[in-house]
>>> print(open('my_file_25.txt').read())   # compact mmCIF, C-alpha atoms and all ligand atoms
# COMPACT_ATOMS: atom_id res chain seq x y z
CA MET A 1 0.00 0.00 0.00
CA THR A 2 1.33 3.43 -0.92
CA THR A 3 1.15 6.22 1.61
CA LEU A 4 -0.31 9.45 0.24
CA PHE A 5 1.97 12.45 0.84
CA SER A 6 -0.17 15.50 1.57
CA ILE A 7 1.53 18.88 1.96
CA ASN A 8 0.06 21.34 4.43
CA PHE A 9 0.33 24.82 2.86
CA ASN A 10 -0.38 26.90 5.96
CA LYS A 11 3.21 28.15 6.24
CA ILE A 12 3.18 29.44 2.65
CA ALA A 13 -0.05 31.25 3.55
CA LEU A 14 1.56 32.69 6.68
CA LEU A 15 4.47 34.09 4.65
CA ARG A 16 2.03 35.52 2.10
CA ASN A 17 -0.08 37.14 4.83
CA SER A 18 2.97 38.92 6.24
CA ARG A 19 2.86 41.19 3.14
CA GLY A 20 -0.05 42.67 1.22
CA ARG A 21 0.19 40.71 -2.01
CA ASP A 22 -0.42 37.16 -3.19
CA TYR A 23 3.27 36.34 -2.85
CA PRO A 24 4.23 33.62 -2.23
CA SER A 25 1.09 32.22 -3.79
CA VAL A 26 -0.38 29.20 -2.06
CA GLN A 27 -1.98 28.08 -5.29
CA SER A 28 1.31 28.34 -7.26
CA PHE A 29 3.22 26.27 -4.70
CA ALA A 30 0.41 23.73 -4.58
CA ARG A 31 0.42 23.53 -8.38
CA ARG A 32 4.16 22.95 -8.40
CA ALA A 33 3.74 20.21 -5.78
CA VAL A 34 1.06 18.47 -7.83
CA GLU A 35 3.20 18.75 -10.98
CA LEU A 36 6.00 17.01 -9.05
CA GLY A 37 3.63 14.15 -8.18
CA VAL A 38 2.21 15.12 -4.77
CA GLY A 39 -1.22 13.54 -4.33
CA GLY A 40 -2.59 15.46 -1.36
CA LEU A 41 -3.12 19.14 -0.52
CA THR A 42 -3.90 20.13 3.07
CA LEU A 43 -5.01 23.40 4.65
CA HIS A 44 -5.87 24.19 8.26
CA PRO A 45 -7.89 27.42 8.13
CA ARG A 46 -8.31 28.83 11.63
CA PRO A 47 -11.19 31.16 12.55
CA ASP A 48 -8.94 34.27 12.40
CA GLN A 49 -7.53 33.09 9.04
CA ARG A 50 -4.05 34.01 10.24
CA HIS A 51 -2.49 31.33 8.03
CA ALA A 52 -4.73 29.68 5.45
CA ARG A 53 -7.76 31.75 4.43
CA TYR A 54 -11.11 30.28 3.53
CA SER A 55 -10.52 31.50 -0.05
CA ASP A 56 -7.39 29.28 -0.21
CA VAL A 57 -9.64 26.26 0.33
CA PHE A 58 -11.55 27.07 -2.87
CA ASP A 59 -8.33 27.83 -4.80
CA LEU A 60 -6.90 24.42 -3.90
CA LYS A 61 -10.19 22.73 -4.69
CA ALA A 62 -10.02 24.25 -8.18
CA LEU A 63 -6.52 22.84 -8.55
CA CYS A 64 -7.70 19.37 -7.48
CA LEU A 65 -10.40 19.52 -10.15
CA GLU A 66 -7.74 20.39 -12.72
CA PHE A 67 -5.64 17.39 -11.59
CA PRO A 68 -8.10 14.56 -10.99
CA GLY A 69 -7.02 12.15 -8.29
CA THR A 70 -5.45 14.90 -6.17
CA GLU A 71 -7.05 14.95 -2.72
CA LEU A 72 -8.02 18.03 -0.74
CA ASN A 73 -7.80 17.56 3.04
CA ILE A 74 -9.15 20.35 5.24
CA GLU A 75 -8.27 20.27 8.93
CA GLY A 76 -9.78 22.18 11.77
CA TYR A 77 -12.10 22.50 14.71
CA PRO A 78 -15.70 21.88 13.60
CA THR A 79 -17.28 25.32 14.00
CA SER A 80 -20.37 25.79 11.86
CA LYS A 81 -18.45 28.22 9.59
CA PHE A 82 -15.65 25.66 9.14
CA LEU A 83 -18.09 22.87 8.29
CA ASP A 84 -19.96 25.07 5.80
CA ILE A 85 -16.68 25.83 4.00
CA VAL A 86 -15.57 22.19 3.94
CA ILE A 87 -18.94 21.14 2.51
CA GLU A 88 -19.19 23.99 0.01
CA ALA A 89 -15.69 23.23 -1.26
CA GLN A 90 -16.46 19.50 -1.36
CA ALA A 91 -13.17 18.53 0.28
CA ASP A 92 -12.19 14.91 -0.17
CA GLN A 93 -11.34 14.54 3.48
CA CYS A 94 -12.00 16.57 6.60
CA THR A 95 -9.68 16.04 9.56
CA LEU A 96 -11.37 17.23 12.72
CA VAL A 97 -8.99 18.65 15.31
CA PRO A 98 -9.80 19.71 18.90
CA ASP A 99 -7.85 22.97 18.79
CA ALA A 100 -8.87 26.24 20.42
CA PRO A 101 -9.09 29.28 18.10
CA ASP A 102 -5.95 30.89 19.56
CA GLN A 103 -3.83 27.76 19.71
CA ILE A 104 -0.44 28.11 18.00
CA THR A 105 -0.73 24.61 16.53
CA SER A 106 -2.63 21.38 17.23
CA ASP A 107 -1.18 19.78 20.35
CA HIS A 108 -3.51 16.95 21.38
CA GLY A 109 -6.01 14.49 19.99
CA TRP A 110 -9.74 14.20 20.71
CA ASP A 111 -11.08 12.97 24.04
CA ILE A 112 -13.89 10.74 22.75
CA GLN A 113 -15.45 10.29 26.18
CA LYS A 114 -15.94 14.04 26.38
CA ASN A 115 -16.59 14.92 22.75
CA GLY A 116 -17.90 11.74 21.11
CA ASP A 117 -21.57 12.77 21.27
CA MET A 118 -20.79 16.19 19.81
CA LEU A 119 -18.74 14.62 16.98
CA LYS A 120 -21.19 11.92 15.86
CA PRO A 121 -23.77 14.14 14.05
CA ILE A 122 -20.97 16.25 12.55
CA ILE A 123 -19.27 13.16 11.14
CA LYS A 124 -22.59 11.93 9.73
CA ARG A 125 -23.26 15.28 8.09
CA LEU A 126 -19.84 15.34 6.40
CA GLN A 127 -20.18 11.74 5.24
CA ARG A 128 -23.65 12.44 3.82
CA GLU A 129 -21.95 15.10 1.71
CA GLY A 130 -19.49 12.48 0.43
CA ILE A 131 -16.60 13.76 2.56
CA ARG A 132 -14.35 11.24 4.28
CA VAL A 133 -13.73 12.03 7.95
CA SER A 134 -10.58 11.61 9.99
CA LEU A 135 -10.21 12.39 13.71
CA PHE A 136 -6.93 13.69 15.14
CA MET A 137 -5.99 11.24 17.91
CA ASP A 138 -3.25 10.52 20.42
CA PRO A 139 -1.90 6.94 20.27
CA ASP A 140 -3.90 6.12 23.41
CA PRO A 141 -5.42 2.60 23.39
CA GLU A 142 -8.53 3.63 25.38
CA GLN A 143 -9.29 6.52 23.06
CA ILE A 144 -8.68 4.41 19.95
CA GLU A 145 -11.12 1.79 21.27
CA LEU A 146 -13.78 4.48 21.69
CA VAL A 147 -13.22 6.30 18.42
CA LYS A 148 -14.96 3.67 16.29
CA SER A 149 -18.27 4.56 17.99
CA THR A 150 -18.16 8.05 16.42
CA GLY A 151 -18.56 6.59 12.92
CA THR A 152 -15.33 8.18 11.64
CA ASP A 153 -13.65 6.67 8.57
CA ARG A 154 -10.10 7.28 9.69
CA ILE A 155 -7.94 8.62 12.47
CA GLU A 156 -4.86 10.81 12.14
CA LEU A 157 -2.25 9.84 14.72
CA TYR A 158 -0.68 12.92 16.33
CA THR A 159 3.02 12.22 15.84
CA GLU A 160 4.71 14.93 17.90
CA GLU A 161 5.71 12.49 20.65
CA TYR A 162 7.32 10.22 18.07
CA ALA A 163 9.17 13.16 16.48
CA ASP A 164 10.38 14.38 19.88
CA SER A 165 11.71 10.95 20.75
CA PHE A 166 13.46 10.43 17.42
CA HIS A 167 17.00 11.21 18.59
CA THR A 168 16.61 9.54 21.98
CA ASP A 169 16.63 5.97 23.26
CA GLN A 170 12.88 6.35 23.75
CA CYS A 171 12.24 6.25 20.01
CA LYS A 172 11.82 2.46 19.84
CA PRO A 173 9.23 2.15 22.65
CA VAL A 174 7.41 5.26 21.47
CA LEU A 175 7.24 3.93 17.91
CA GLU A 176 5.91 0.63 19.28
CA LYS A 177 3.13 2.57 21.00
CA TYR A 178 2.16 4.13 17.66
CA GLU A 179 2.36 0.75 15.96
CA LYS A 180 -0.02 -0.74 18.53
CA ALA A 181 -2.41 2.17 18.10
CA ALA A 182 -2.36 1.75 14.30
CA THR A 183 -2.87 -2.02 14.54
CA HIS A 184 -5.74 -1.50 16.98
CA ALA A 185 -7.39 1.07 14.70
CA HIS A 186 -6.97 -1.24 11.69
CA SER A 187 -8.57 -4.10 13.64
CA LEU A 188 -11.59 -1.85 14.19
CA GLY A 189 -11.82 -1.22 10.46
CA LEU A 190 -10.45 2.34 10.58
CA GLY A 191 -7.96 3.87 8.16
CA VAL A 192 -4.89 5.45 9.74
CA ASN A 193 -3.24 8.74 8.74
CA ALA A 194 -0.42 10.49 10.60
CA GLY A 195 0.90 13.98 11.03
CA HIS A 196 2.69 16.66 13.04
CA ASP A 197 6.43 17.26 13.21
CA LEU A 198 7.21 14.62 10.63
CA ASN A 199 10.22 15.50 8.49
CA LEU A 200 12.73 14.10 5.98
CA GLU A 201 14.75 12.57 8.79
CA ASN A 202 12.04 10.83 10.83
CA LEU A 203 9.41 9.91 8.21
CA ALA A 204 10.92 6.67 6.86
CA ARG A 205 11.16 5.10 10.30
CA PHE A 206 7.57 6.06 11.12
CA LEU A 207 6.47 4.40 7.91
CA THR A 208 7.86 1.08 9.09
CA ILE A 209 4.39 0.94 10.67
CA ASP A 210 2.22 -0.94 8.19
CA GLY A 211 -0.77 0.55 6.46
CA ILE A 212 -0.39 4.31 7.07
CA LYS A 213 -2.69 5.72 4.40
CA GLU A 214 -1.59 9.35 4.46
CA VAL A 215 0.97 11.66 6.04
CA SER A 216 0.32 15.37 6.21
CA ILE A 217 3.44 17.50 6.56
CA GLY A 218 3.74 21.28 6.62
CA HIS A 219 6.28 22.99 8.83
CA ALA A 220 9.28 20.81 7.96
CA VAL A 221 8.60 20.98 4.21
CA ILE A 222 9.05 24.75 4.36
CA VAL A 223 12.09 24.74 6.66
CA GLU A 224 13.79 22.04 4.60
CA SER A 225 12.92 23.95 1.41
CA LEU A 226 14.81 26.99 2.72
CA LEU A 227 17.88 24.80 2.97
CA MET A 228 17.46 22.56 -0.07
CA GLY A 229 14.82 24.04 -2.37
CA PHE A 230 11.15 23.13 -2.69
CA ASP A 231 11.40 20.78 -5.69
CA ASN A 232 14.30 18.86 -4.18
CA VAL A 233 12.54 18.46 -0.83
CA VAL A 234 9.24 17.38 -2.38
CA ARG A 235 11.05 14.78 -4.51
CA GLN A 236 12.79 13.40 -1.41
CA TYR A 237 9.45 12.99 0.39
CA LEU A 238 7.95 11.29 -2.63
CA GLU A 239 10.90 8.90 -2.72
CA ILE A 240 10.38 8.00 0.95
CA VAL A 241 6.66 7.25 0.55
CA LYS A 242 7.33 5.37 -2.70
CA GLN A 243 9.91 3.11 -1.09
CA LYS A 244 7.28 2.24 1.46
CA GLY A 245 4.67 1.40 -1.18
N1 LIG B 301 -1.99 17.41 11.23
C1 LIG B 301 -2.66 18.36 11.92
C2 LIG B 301 -3.99 18.00 12.47
C3 LIG B 301 -2.13 19.64 12.10
O1 LIG B 301 -2.81 20.56 12.77
C4 LIG B 301 -0.89 19.95 11.51
C5 LIG B 301 -0.33 21.33 11.65
O2 LIG B 301 -1.20 22.25 11.06
C6 LIG B 301 -0.22 18.93 10.80
C7 LIG B 301 -0.79 17.67 10.69
C8 LIG B 301 1.10 19.15 10.16
O3 LIG B 301 2.06 19.36 11.13
P1 LIG B 301 3.48 19.94 10.73
O4 LIG B 301 3.25 21.34 10.26
O5 LIG B 301 4.28 19.88 12.01
O6 LIG B 301 4.03 19.08 9.66
>>> encode(input="my_file_25.txt", output="structure tokens")
Amino acid sequence: MTTLFSINFNKIALLRNSRGRDYPSVQSFARRAVELGVGGLTLHPRPDQRHARYSDVFDLKALCLEFPGTELNIEGYPTSKFLDIVIEAQADQCTLVPDAPDQITSDHGWDIQKNGDMLKPIIKRLQREGIRVSLFMDPDPEQIELVKSTGTDRIELYTEEYADSFHTDQCKPVLEKYEKAATHAHSLGLGVNAGHDLNLENLARFLTIDGIKEVSIGHAVIVESLLMGFDNVVRQYLEIVKQKG
């Protein structure tokens, strides 16, 4: 099974927003990525639109229509405005994330005990619109057991702990925890995505876990591109996911 590499374009949007013009253009970078063979485009529009704007969602949707097979993944907290945008744009996948509006970045998965009842009708609504749903989750066995009851199609494992452990002797046990979580989710019939703090150095080892359907990577793609150039970095990611497939 090949893992889909989805680039999160929020950091390009952040750079663009720091000046008044459409430069760098999110759509141009996304187009370049697709031309290089990237199969997934991700945005995480927050309510204050400080990175990705809602208009970016429609721009990337247009690009996906131009390049059939390219998937649009929209992440975020399910406010009614967010859900309306995801549905209007007909995203391929919506990754629901429990982040507060002012949070710098996502830093924990859903607590299904607390939020399961709130999520169920939202997941149903998105699925009725033909949108696949993924829930951002910690690799916590109790939470993974509960997540199936929400009706979600997939989970996205929050990989910061793995990334933090990468250069330590904790990497092996931490990776085993993620592997167990993925195996557990698979046994419940759920697809498994992964994301957060993945990079060119740590991705291949994470993908020793079988059956990861998609990785969504943003911050590192941009930092690595400053050092090595966007095309070069994108090609290296594609090589890593291809070797896995
Ligand atoms: N997945 C989710 C749910 C996120 O919120 C983010 C960051 O926006 C990512 C993946 C990508 O993380 P990173 O930018 O560290 O690659």
>>> closest_residue(input="my_file_25.txt", among="A:Ala30, A:Met1, A:Leu203, A:Ile209", to="ligand LIG 301 (chain B)", atoms="all atoms listed in the file")
A:Leu203
>>> closest_atom_pairs(input="my_file_25.txt", of="chain A", to="ligand LIG 301 (chain B)", cutoff="8 Å", atoms="only C-alpha atoms and all ligand atoms", output="CSV")
residue,atom,partner,partner_atom,distance
A:Asn8,CA,B:LIG301,C8,6.2
A:Asn10,CA,B:LIG301,O2,7.0
A:Lys11,CA,B:LIG301,O4,7.9
A:Leu43,CA,B:LIG301,O2,7.5
A:His44,CA,B:LIG301,O2,5.8
A:Glu75,CA,B:LIG301,C2,6.0
A:Gly76,CA,B:LIG301,C2,7.2
A:Thr95,CA,B:LIG301,C2,6.7
A:Leu96,CA,B:LIG301,C2,7.4
A:Val97,CA,B:LIG301,C2,5.8
A:Thr105,CA,B:LIG301,C5,5.9
A:Ser106,CA,B:LIG301,O1,4.5
A:Asp107,CA,B:LIG301,O1,7.8
A:Phe136,CA,B:LIG301,C2,5.9
A:Glu156,CA,B:LIG301,C2,7.2
A:Tyr158,CA,B:LIG301,N1,6.9
A:Glu160,CA,B:LIG301,O5,7.7
A:Ala194,CA,B:LIG301,N1,7.1
A:Gly195,CA,B:LIG301,C7,4.1
A:His196,CA,B:LIG301,O3,3.4
A:Asp197,CA,B:LIG301,O5,3.6
A:Leu198,CA,B:LIG301,O6,5.6
A:Asn199,CA,B:LIG301,O6,7.2
A:Val215,CA,B:LIG301,C7,7.8
A:Ser216,CA,B:LIG301,C7,5.2
A:Ile217,CA,B:LIG301,O6,3.5
A:Gly218,CA,B:LIG301,O4,3.7
A:His219,CA,B:LIG301,O4,3.7
A:Ala220,CA,B:LIG301,O6,5.8
A:Val221,CA,B:LIG301,O6,7.4
>>> residues_near_point(input="my_file_25.txt", point="(-18.0, 15.6, 2.8)", cutoff="10 Å", atoms="all atoms listed in the file", output="list in words")
Leu83, Val86, Ile87, Glu88, Ala89, Gln90, Ala91, Asp92, Gln93, Cys94, Ile123, Lys124, Arg125, Leu126, Gln127, Arg128, Glu129, Gly130, Ile131, Arg132 and Val133 of chain A
>>> closest_residue(input="my_file_25.txt", among="A:Val174, A:Ile112, A:Val26, A:Leu190", to="Ser134 (chain A)", atoms="only C-alpha atoms")
A:Leu190
>>> residues_near_point(input="my_file_25.txt", point="(11.9, 21.8, -2.0)", cutoff="12 Å", atoms="all atoms listed in the file", output="VMD selection string")
chain A and resid 7 29 to 30 32 to 33 36 200 218 220 to 238
>>> closest_residue(input="my_file_25.txt", among="A:Ala163, A:Val38, A:Leu146, A:Leu207", to="Asp117 (chain A)", atoms="all atoms listed in the file")
A:Leu146
>>> closest_residue(input="my_file_25.txt", among="A:Phe166, A:Phe9, A:Tyr77, A:Phe58", to="Gly109 (chain A)", atoms="only C-alpha atoms")
A:Tyr77
>>> residues_around(input="my_file_25.txt", residues="Ala13 (chain A)", least_positions_apart="2", cutoff="10 Å", atoms="all atoms listed in the file", output="PyMOL selection string")
chain A and resi 8-11+15-18+22-27+43+45+49-53+56
>>> axis_aligned_box(input="my_file_25.txt", around="region 122-137 of chain A", padding_each_side="6 Å", output="lines of an AutoDock Vina configuration file")
center_x = -14.8
center_y = 13.7
center_z = 9.2
size_x = 29.7
size_y = 17.0
size_z = 29.5
>>> atom_distance(input="my_file_25.txt", atom1="CA of Thr150 (chain A)", atom2="CA of Val241 (chain A)")
29.5 Å
>>> residues_around(input="my_file_25.txt", residues="His184 (chain A)", least_positions_apart="5", cutoff="12 Å", atoms="all atoms listed in the file", output="PyMOL selection string")
chain A and resi 139-148+155+177-179+189-192+210-211
>>> atom_distance(input="my_file_25.txt", atom1="CA of Thr183 (chain A)", atom2="CA of His108 (chain A)")
20.2 Å
>>> closest_residue(input="my_file_25.txt", among="A:Arg46, A:Lys120, A:Arg31, A:Arg19", to="Gly151 (chain A)", atoms="only C-alpha atoms")
A:Lys120
